[in-house]
Amino acid sequence: MTPDVLHRLRQVIEADPRIRCVGTPIALSVDPQGGVTLDGEVASVAAKRIALDRVARLADVLTVVDRLRVAPKRRFPDEQIRRRFLDLLVDEPMFADYEFENSAKAPSRRSASSTKPRLEFGVDDGIVTLRGRAGDLLHKRLAGVLAWWAPGSRDVVNLLAVEPAARDDDGEIASAVRLVLDKDPLISDAFEVDVRDAVVTLNGVTADTEARDAAEADAWYVLGVRDVVNTIEVRNL
C-alpha cells in the first residue's frame, strides 16, 4: 500500500455523513498486503455497510476485515437475544419446516431430522452468527433480517449455505426486500422496491415517518444490499 492510504481511508469515511460513529471514530489499520481492518461502533447498519463499501472501493485495498458493530437501542444479555431470535424464527411461517439448534445447548423446540433444512445459531457479545442450511436465498436473507430484529443485536454474521445452490442477482435482493417490508409490523403502507446493481430504491407515500425510517432500515438489513435510496414521501393522506 502507498504511504497515504490511511489518510485516504479516513477521507472517504468522513466524506459520507451517513457513516455516524458512536463514541470514538472508526479505528483503521492496514497491512502491507493490501488488507484493511475497520473496528468500532457505529449508529446503524447503514453506517456499517457504507463504511465497508467505501473502503473496499479504494484501488489499493484488496481485502477488508469487518469488526464494526452497531450500537443497539438497548443492550441485552446474549441469552436474552438468543431467546428472542429463536421466538422470531419459530413464529415465522416460512421456517415451519426447519429445525433449529443454538450454541447455548438449550432444549430444542423442534425434533432433529436429517431431511429438514437446519439453522444453527449462536450469540456472542451481541453478535448473532448463523450456520447450517437454508432452502433458498430468500430464507437465508430472511433469517438474517430476523437476527437484526432481535433486540440487542449488534451484528449478524450470516454463514448459512443455500442448498441447492442458487444464482444471486438483483431480482433475488428485490424479492427479499419486498418480503421483509411486508412482514415488518411497523409498516402498513405498500412501497415500491427497485434494485439495480444491489442498490435499493424505495418509492411510495406514507403519513408515518417511523414507517419510512423502518423501510430504509429493513432494506439495509437484507444481505447483499450495497446502498439504499429512500424516496418515500411523508405527507398527510
# chains A, B, ... in the order shown; residues from 1 in each chain; ligands from 1
>>> residues_around(residues="segment 197-206 of chain A", least_positions_apart="5", cutoff="12 Å", atoms="only C-alpha atoms", output="PyMOL selection string")
chain A and resi 49-50+53+168-178+181+186-192+211-237
>>> residues_around(residues="segment 17-21 of chain A", least_positions_apart="5", cutoff="12 Å", atoms="only C-alpha atoms", output="short mmCIF file (atom, residue, chain, number, x, y, z; two decimals) with N, CA and C atoms, in the first residue's frame")
data_model
loop_
_atom_site.label_atom_id
_atom_site.label_comp_id
_atom_site.auth_asym_id
_atom_site.auth_seq_id
_atom_site.Cartn_x
_atom_site.Cartn_y
_atom_site.Cartn_z
N ARG A 10 -9.46 7.51 5.75
CA ARG A 10 -10.19 8.41 6.66
C ARG A 10 -11.01 9.43 5.88
N GLN A 11 -10.47 9.88 4.78
CA GLN A 11 -11.19 10.85 3.96
C GLN A 11 -12.49 10.29 3.42
N VAL A 12 -12.47 9.06 2.90
CA VAL A 12 -13.69 8.50 2.31
C VAL A 12 -14.73 8.22 3.38
N ILE A 26 -14.10 5.42 13.91
CA ILE A 26 -13.73 4.08 13.45
C ILE A 26 -12.20 3.96 13.44
N ALA A 27 -11.71 2.89 14.04
CA ALA A 27 -10.27 2.63 14.04
C ALA A 27 -9.92 1.89 12.75
N LEU A 38 -11.48 -2.52 9.83
CA LEU A 38 -12.29 -1.45 10.41
C LEU A 38 -12.84 -1.95 11.74
N ASP A 39 -12.63 -1.17 12.79
CA ASP A 39 -13.02 -1.58 14.13
C ASP A 39 -13.71 -0.41 14.82
N GLY A 40 -14.85 -0.69 15.47
CA GLY A 40 -15.54 0.36 16.21
C GLY A 40 -17.03 0.13 16.27
N GLU A 41 -17.73 1.10 16.83
CA GLU A 41 -19.18 1.00 16.96
C GLU A 41 -19.82 2.14 16.18
N VAL A 42 -20.81 1.78 15.37
CA VAL A 42 -21.48 2.77 14.54
C VAL A 42 -22.96 2.82 14.90
N ALA A 43 -23.64 3.86 14.36
CA ALA A 43 -25.00 4.14 14.79
C ALA A 43 -26.04 3.28 14.10
N SER A 44 -25.72 2.67 12.95
CA SER A 44 -26.73 1.94 12.20
C SER A 44 -26.09 0.93 11.28
N VAL A 45 -26.92 0.01 10.77
CA VAL A 45 -26.43 -0.93 9.77
C VAL A 45 -26.01 -0.18 8.51
N ALA A 46 -26.74 0.89 8.18
CA ALA A 46 -26.37 1.71 7.02
C ALA A 46 -24.95 2.23 7.18
N ALA A 47 -24.61 2.77 8.34
CA ALA A 47 -23.26 3.30 8.56
C ALA A 47 -22.22 2.20 8.39
N LYS A 48 -22.51 1.03 8.89
CA LYS A 48 -21.59 -0.10 8.79
C LYS A 48 -21.37 -0.51 7.34
N ARG A 49 -22.46 -0.73 6.61
CA ARG A 49 -22.35 -1.20 5.23
C ARG A 49 -21.70 -0.16 4.33
N ILE A 50 -22.05 1.11 4.52
CA ILE A 50 -21.48 2.17 3.68
C ILE A 50 -19.98 2.30 3.92
N ALA A 51 -19.57 2.25 5.19
CA ALA A 51 -18.15 2.35 5.50
C ALA A 51 -17.36 1.21 4.85
N LEU A 52 -17.88 0.00 4.94
CA LEU A 52 -17.19 -1.15 4.35
C LEU A 52 -17.12 -1.02 2.83
N ASP A 53 -18.22 -0.57 2.23
CA ASP A 53 -18.26 -0.44 0.77
C ASP A 53 -17.29 0.63 0.29
N ARG A 54 -17.28 1.78 0.97
CA ARG A 54 -16.42 2.88 0.52
C ARG A 54 -14.94 2.48 0.62
N VAL A 55 -14.59 1.80 1.70
CA VAL A 55 -13.20 1.37 1.86
C VAL A 55 -12.82 0.33 0.81
N LEU A 68 -16.79 -3.89 12.66
CA LEU A 68 -17.72 -2.83 13.04
C LEU A 68 -18.96 -3.44 13.69
N ARG A 69 -19.43 -2.83 14.74
CA ARG A 69 -20.63 -3.28 15.44
C ARG A 69 -21.63 -2.13 15.47
N VAL A 70 -22.91 -2.48 15.48
CA VAL A 70 -23.97 -1.48 15.50
C VAL A 70 -24.44 -1.30 16.94
N ALA A 71 -24.51 -0.05 17.38
CA ALA A 71 -24.95 0.24 18.74
C ALA A 71 -26.45 -0.03 18.86
N ASP A 227 -26.40 -0.25 -1.25
CA ASP A 227 -26.81 1.10 -0.89
C ASP A 227 -28.33 1.16 -0.95
N VAL A 228 -28.90 2.17 -0.27
CA VAL A 228 -30.35 2.36 -0.23
C VAL A 228 -30.65 3.82 -0.53
#
>>> select_by_dssp(residues="segment 30-216 of chain A", states="strand (DSSP E)", output="PyMOL selection string")
chain A and resi 30+35-42+63-70+99-102+118-124+127-134+155-158+161-162+192-196+199-203+205-206
>>> residues_around(residues="segment 79-85 of chain A", least_positions_apart="5", cutoff="8 Å", atoms="only C-alpha atoms", output="count of residues only")
11
>>> residues_around(residues="Phe95 of chain A", least_positions_apart="4", cutoff="9 Å", atoms="only C-alpha atoms", output="ChimeraX atom specification")
/A:89-91,99,117,139,143
>>> select_by_dssp(residues="segment 79-167 of chain A", states="helix (DSSP H, G or I)", output="number ranges by chain")
A: 79-91, 93-95, 137-149
>>> write_last_selection(atoms="C-alpha atoms", output="short mmCIF file (atom, residue, chain, number, x, y, z; two decimals), in the first residue's frame")
data_model
loop_
_atom_site.label_atom_id
_atom_site.label_comp_id
_atom_site.auth_asym_id
_atom_site.auth_seq_id
_atom_site.Cartn_x
_atom_site.Cartn_y
_atom_site.Cartn_z
CA GLU A 79 -29.12 -15.32 26.35
CA GLN A 80 -31.99 -12.86 26.04
CA ILE A 81 -31.03 -12.02 22.45
CA ARG A 82 -30.81 -15.74 21.69
CA ARG A 83 -34.27 -16.43 23.13
CA ARG A 84 -35.87 -13.53 21.27
CA PHE A 85 -34.29 -14.58 17.98
CA LEU A 86 -35.50 -18.14 18.47
CA ASP A 87 -39.01 -16.82 19.13
CA LEU A 88 -38.89 -14.87 15.85
CA LEU A 89 -37.77 -17.97 13.97
CA VAL A 90 -40.41 -20.23 15.48
CA ASP A 91 -43.17 -17.69 14.85
CA PRO A 93 -44.30 -19.47 8.89
CA MET A 94 -41.58 -19.59 6.25
CA PHE A 95 -39.41 -21.58 8.68
CA LEU A 137 -31.64 -17.38 -0.86
CA LEU A 138 -34.89 -15.83 0.33
CA HIS A 139 -34.85 -17.92 3.50
CA LYS A 140 -31.19 -17.11 4.11
CA ARG A 141 -31.84 -13.40 3.82
CA LEU A 142 -34.99 -13.51 5.96
CA ALA A 143 -33.13 -15.36 8.73
CA GLY A 144 -30.51 -12.61 8.72
CA VAL A 145 -33.13 -9.87 8.97
CA LEU A 146 -34.83 -11.63 11.88
CA ALA A 147 -31.47 -11.75 13.63
CA TRP A 148 -31.13 -7.99 13.17
CA TRP A 149 -34.66 -7.55 14.53
#
>>> atom_distance(atom1="atom CA of Val193 of chain A", atom2="atom CA of Arg67 of chain A")
29.8 Å
>>> closest_residue(among="A:Ala59, A:Val30, A:Gly23, A:Asp208", to="Leu6 of chain A", atoms="only C-alpha atoms")
A:Val30
>>> residues_around(residues="Leu159 of chain A", least_positions_apart="3", cutoff="10 Å", atoms="only C-alpha atoms", output="list in words")
Glu120, Phe121, Thr129, Leu130, Arg131, Gly132, Arg133, Ala134, Lys140, Gly144, Val156 and Val162 of chain A
>>> closest_residue(among="A:Glu210, A:Asp31, A:Asp97, A:Asp136", to="Asp184 of chain A", atoms="only C-alpha atoms")
A:Glu210
